[in-house]
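Right, one structure below, let's go through it.
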Amino acid sequence: MDELKKAVSEADDEYLIGISNKGILKRAYKDLENAEITSGFIDTSADVTVDNVQCVIKAPLSESVCSCPSKSTCKHIVMSILWLKKEIFPPNKTEQIQESKKLPAKPETRESKLAGELTEYPIEELKKAMKKQYYNSFLEKARVGIFPKMEEGTTITADIYEENVTVKLLSPLKYSACTCHIKELCKHKAAVILAWKLKHKVITVESLLPVEESVSVDDSSLKECAMNCLSFIERLLSDGLVRTPDDISEYAESNALICHNADFPKGEKLMREIGNRLRAYNNHSPEFSTESLFSAIMDAYILMKNILDETNIEKLSELSGKFKSSYTISDKLEIIPVAQKKLSSIAGYEGDIYYFVNKSDNGGELPFLTFSDIRPTFYDNNRRSQVSNAPWGLYGTCSTLMGSEMRLILPKLSGIKLSSSKETQAYQLCKPNLNQKAVYDKIYTDFRKLIDDNFAHTGDDDSEILVMLMPEKCISSEFSEIEQTHTIVIEDFYFNRINIKARYKSKTKNFFAQLSDVGKTMLEHPEKHYVIFGNAYIENGECNIYPIAVFDNIKAPVPDKKQCSDKKYDSDNKYIYFYRMFCDIISMLCDMTECGINSYDICNQINDSACECENSGLTVLSQKLNKLSELISAKNHTYSNDNTDIISLFGDIYSYLKTGRKKTELKCAVKKTMGDNKNEFAE
């Protein structure tokens with residue numbers, strides 16, 4: 001009876017709301033005034049009759065039962081507890097005086113009992129209930145100080161606003177409730193318990209580690225897929241582009257589909273790119289480039305070989321790639337819309353990309369952010385024609401993103417890419433204003449510094465390198481009918497030059513026409529200062545900017561001419577020779593790809609390149625080229641169609657050249673930007 005008496009005596013309104021709800025408690029108080037209540041046997045439990053309804057009140061009170069149809073803590077149970085508290089177990093003043101004279105340890109209250117249970121709750125059980133994705137998301141928020149809002153007393157009430165869920169924790173914890181209506185330990189209850197532990201410093205955020213994604217790779221399926229792709233690539237290189245059938249791109253697409261079904265994202269992407277480039281070749285498209293196709297083929301070949309040679313499951317998973325990017329959560333971001341671009345990817349995707357200036361504190365690390373509304377075009381459906389709704393709780397279509405500056409709460413980022421997560425909320429602040437310090441700080445007036453800041457690393461990250469730059473003047477604006485490109489040469493305040501360059505595409509012909517007008521206007525108005533926003537890249541030993549937007553209304557500060565004239569850089573000529581050598585060898589391999597290994601016989605040219613490499617100190621590359629010459633020469637005296645050894649050597653040489661050219665072209669781009677070597681790059 002003592003346990004029941006203690007449970008009833010300590011049951012305050014907050015606790016009764018926790019086991020039922022506020023409405024039931026309110027009705028219980030109201031109906032108690034006129035109700036007929038009698039009690040029966042009272043010991044470890046109490047039999048109470050409320051208006052002909054039988055209740056059995058137990059300790060803990062959450063286990064009490066009632067004969068009415070309700071399956072939860074109903075009005076009758078709450079009325080019985082209130083009646084017992086008043087009539088059967090009223091406060092005894094004599095006992096209270098005696099207890100006050102004693103000096104024992106402070107008696108355990110419901111608050112302390114609940115706190116003890118929360119403190120001792122195993123973290124592993126919480127992780128298990130939350131599951132990997134929800135737990136990792138919670139941990140990302142916790143690291144930036146975002147927790148569910150909690151009200152603490154005899155019960156703990158917490159609101160998880162982004163999921164519109166309310167959790168009530170009470171002692172014993174197994175009787176806690178959640179508006180998701182799951183009686184067991186749900187992910188929401190587990191999140192609130194974990195948040196309480198962090199709030200009261202039972203554990204620290206640093207002690208919690210994210211749950212790593214379990215590696216589940218079907219290695220046999222993956223290797224079979226890689227074998228099919230290798231067979232296709234070897235056939236393509238052996239026969240050459242000139243002998244490919246008109247439907248060769250369909251073979252590449254079928255291999256891409258096989259990669260998709262085998263959960264092989266990297267392979268699918270490369271095979272789709274090869275298929276689209278082969279389609280451009282057969283259609284005699286001006287956009288076709290033999291070197292781009294050759295690079296895609298060799299990247300795919302090296303990937304497939306690595307898949308076949310790898311035995312470690314974790315490394316196989318890393319090689320195969322992921323269909324979805326992983327995102328990290330930030331507290332908040334403030335962004336300024338700057339441009340919108342139509343995308344038509346060679347890998348088979350179409351849509352729009354929205355660009356923003358990052359106004360927040362991390363704007364130095366991530367000066368620009370993007371949101372992509374892109375759909376695949378290689379499936380036969382109507383998705384490409386659908387208009388997407390705006391993300392982050394905004395009304396309208398995605399085009400409304402360009403209408404105002406925004407504050408994002410709980411944004412998810414993967415590099416510079418913003419996720420359309422439903423957890424993220426956007427608040428529109430004001431009309432876009434590009435004339436502010438957050439924008440001015442991101443504008444380059446020194447093109448050499450632009451290259452140093454953005455191309456210092458030589459990683460394999462293929463994301464866009466977004467920059468803003470303000471030239472001092474425009475040097476020329478020309479269209480090349482041969483290359484189908486328009487090039488605007490601009491010069492900075494330190495006499496360094498860079499190219500604004502775009503290749504003509506039928507789907508972006510309006511933009512191309514606008515670019516021509518921009519070049520003409522810049523030449524006609526040299527007194528005006530323009531700001532160009534675009535994607536920076538290095539090609540053929542020079543730095544280019546693919547323009548996304550050009551502004552003539554940004555009033556950024558202009559550098560002092562006196563300071564400009566004093567700024568100088570050292571230049572280095574030694575890389576130009578090696579860069580040109582690497583380009584020539586790649587061009588030779590491209591010719592072999594176009595004609596086919598089975599028909600290509602210019603061992604003398606390969607030997608000359610090998611000799612030049614040897615004389616230049618590139619002994620390893622020289623040995624590889626000599627070996628290639630030997631294999632091709634030996635092939636001329638056999639009827640075998642097996643070119644495995646030759647293609648494998650192709651892959652080794654390509655890897656060497658790719659690394660070497662990437663390292664030297666940056667130095668060449670710096671030198672060309674400085675404008676002191678134009679004749680050395682002339683063909």
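By convention here, the chains of the structure tokens are called A, B, ... in the order presented, each chain's residues are numbered starting at 1, and ligands are numbered starting at 1 in the order presented.
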
* Backbone DSSP call of helix (DSSP H, G or I) for segment 233-455 of chain A, listed as an NGL selection string -> :A and (233-239 or 241-243 or 248-261 or 265-282 or 290-309 or 313-320 or 361-364 or 383-385 or 398-403 or 437-440 or 447-454)

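Shell of Glu630 of chain A at 10 Å, with only C-alpha atoms counted and residues fewer than 4 places along the chain excluded, is Cys603, Ile606, Asn607, Lys624, Leu625, Asn626, Ala634, Lys635 and Ile646 of chain A.
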
* To do: Can you work out which one of A:Arg407, A:His284, A:Arg272, A:Lys183 has the shortest atom-to-atom distance to Lys71 of chain A, counting only C-alpha atoms?
  => A:Lys183

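Coordinates place atom CA of Leu303 of chain A at a distance of 20.8 Å from atom CA of Ile248 of chain A.
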
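Using only C-alpha atoms, the smallest distance between any of A:Cys583, A:Val165, A:Leu170, A:Leu413 and Asp331 of chain A comes from A:Leu413.
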
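Taking only C-alpha atoms into account, Thr521 of chain A lies nearest to A:Ile475 out of the set A:Ile475, A:Ile42, A:Ala536, A:Ala177.
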
So that I can check the surroundings of Thr166 of chain A, please list as a CSV table (one decimal) with C-alpha atoms, in the first residue's frame every protein, DNA and RNA residue that reaches within 9 Å of it, counting only C-alpha atoms and ignoring chain neighbours fewer than 3 positions away.
chain,number,residue,atom,x,y,z
A,157,THR,CA,7.3,17.9,-22.8
A,158,ALA,CA,9.3,18.4,-26.0
A,159,ASP,CA,8.3,19.7,-29.4
A,160,ILE,CA,10.0,18.6,-32.6
A,161,TYR,CA,8.7,21.4,-34.8
A,163,GLU,CA,8.1,17.0,-37.9
A,177,ALA,CA,3.9,9.2,-25.1
A,178,CYS,CA,4.4,10.7,-28.5
A,179,THR,CA,1.9,12.1,-31.0
A,180,CYS,CA,3.2,9.7,-33.6
A,188,HIS,CA,11.1,10.9,-31.5

* To do: Could you check how far atom CA of Glu3 of chain A sits from atom CA of Glu184 of chain A, in Å to one decimal?
  => 25.3 Å

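Using only C-alpha atoms, the contacts of Thr290 of chain A at a cut-off of 12 Å, with sequence neighbours closer than 6 positions omitted, comprise Gly240, Leu241, Val242, Ile274, Arg277, Leu278, Ala280, Tyr281, Asn282, His284, Ala296, Ile297, Ile586, Ser587, Met588, Leu589, Cys590, Asp591, Met592, Thr593, Glu594 and Cys595 of chain A.
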
Give me a file of those residues, with C-alpha atoms, as a tab-separated table (two decimals), in the first residue's frame.
chain	number	residue	atom	x	y	z
A	240	GLY	CA	37.79	2.67	-83.76
A	241	LEU	CA	35.17	5.39	-84.09
A	242	VAL	CA	35.24	5.30	-87.90
A	274	ILE	CA	30.18	7.88	-73.48
A	277	ARG	CA	29.38	11.67	-76.89
A	278	LEU	CA	29.10	8.79	-79.37
A	280	ALA	CA	27.25	13.56	-80.97
A	281	TYR	CA	29.97	11.91	-83.11
A	282	ASN	CA	27.48	10.05	-85.31
A	284	HIS	CA	28.44	15.25	-86.71
A	296	ALA	CA	35.56	9.39	-70.75
A	297	ILE	CA	36.44	6.00	-72.29
A	586	ILE	CA	47.23	12.57	-75.85
A	587	SER	CA	46.40	13.79	-79.37
A	588	MET	CA	48.25	10.77	-80.78
A	589	LEU	CA	46.24	8.41	-78.56
A	590	CYS	CA	43.02	10.15	-79.66
A	591	ASP	CA	43.97	9.49	-83.30
A	592	MET	CA	44.47	5.85	-82.41
A	593	THR	CA	41.04	5.81	-80.77
A	594	GLU	CA	39.41	7.28	-83.85
A	595	CYS	CA	41.08	4.91	-86.31
